[in-house]
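What follows is a single structure, written as structure tokens, with notes after it.
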Amino acid sequence: MAAADKKDERAGKAPKKESQPLIIAKTPAEEQRLKLERLMRNPDKPAPIPERPKEWNPRAPPEFVRDVMGSSAGAGSGEFHVYRHLRRREYQRQDFLERISDKQKLDEKYIEKVKENQKAAEERTAKRRKKREKLKQKKLMAKKAKMEGQKEEGSEEKSSSSASEEEEQEDDAEVPSFIMGKR
């Protein structure tokens with residue numbers, strides 16, 4: 001037996017897995033638990049994700065019908081069943097086409113609604129932006145008016161103070177700016 005194990009190792013094959021006891025799930029919850037346990041035994045292994053089932057598509061209508069049934073007498077008893085199957089298939093095809101057209105209409109309505117919502121949102125944004133800009137302009141105008149008012153007051157003071165400053169500058173030449181020991 002040891003020789004057989006060595007032979008398997010030399011061939012590059014992995015050793016056999018330990019056989020798991022067969023557990024039969026009695027409830028759907030237990031079945032789900034068993035599946036999860038099996039997946040979690042080897043977390044590195046990718047989990048199978050099934051693809052979405054493809055939408056049912058009816059068979060295309062025949063381009064050329066060879067055995068056309070007439071309404072004449074003498075049609076066999078089996079012809080009715082053939083006719084019934086053909087009729088059922090055609091009704092299914094028409095129903096499918098109606099469902100597709102309804103779905104397309106709903107998609108178009110949805111896209112139209114989204115566009116309307118975007119347009120309304122842009123209008124609201126533009127309106128609010130305009131309002132913010134107006135407030136900004138008002139603040140700037142108020143600030144400019146205030147600055148001009150201060151300049152006018154300052155220029156009046158400067159005009160009266162500039163004359164006195166000139167006189168003081170002339171006087172400053174004669175008198176030192178400070179006197180030591182005097183307060």
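Ordering of the structure tokens sets the chain letters (A, B, ...); residue numbers start at 1 within each chain; ligands are numbered from 1 in the order shown.
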
Near-Leu86 in chain A list (12 Å; only C-alpha atoms; drop same-chain fewer than 2 positions) as a list of chain:residue names =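 Within the cut-off, the hits are A:Arg59, A:Ala60, A:Pro61, A:Pro62, A:Val65, A:Asp67, A:Val68, A:Met69, A:Glu79, A:Phe80, A:His81, A:Val82, A:Tyr83, A:Arg84, A:Arg88, A:Arg89, A:Glu90, A:Tyr91, A:Gln92, A:Arg93.
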
Atomic distance CA of Lys105 in chain A - CA of Glu55 in chain A, expressed in Å with one decimal =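 These atoms are spaced 18.4 Å apart.
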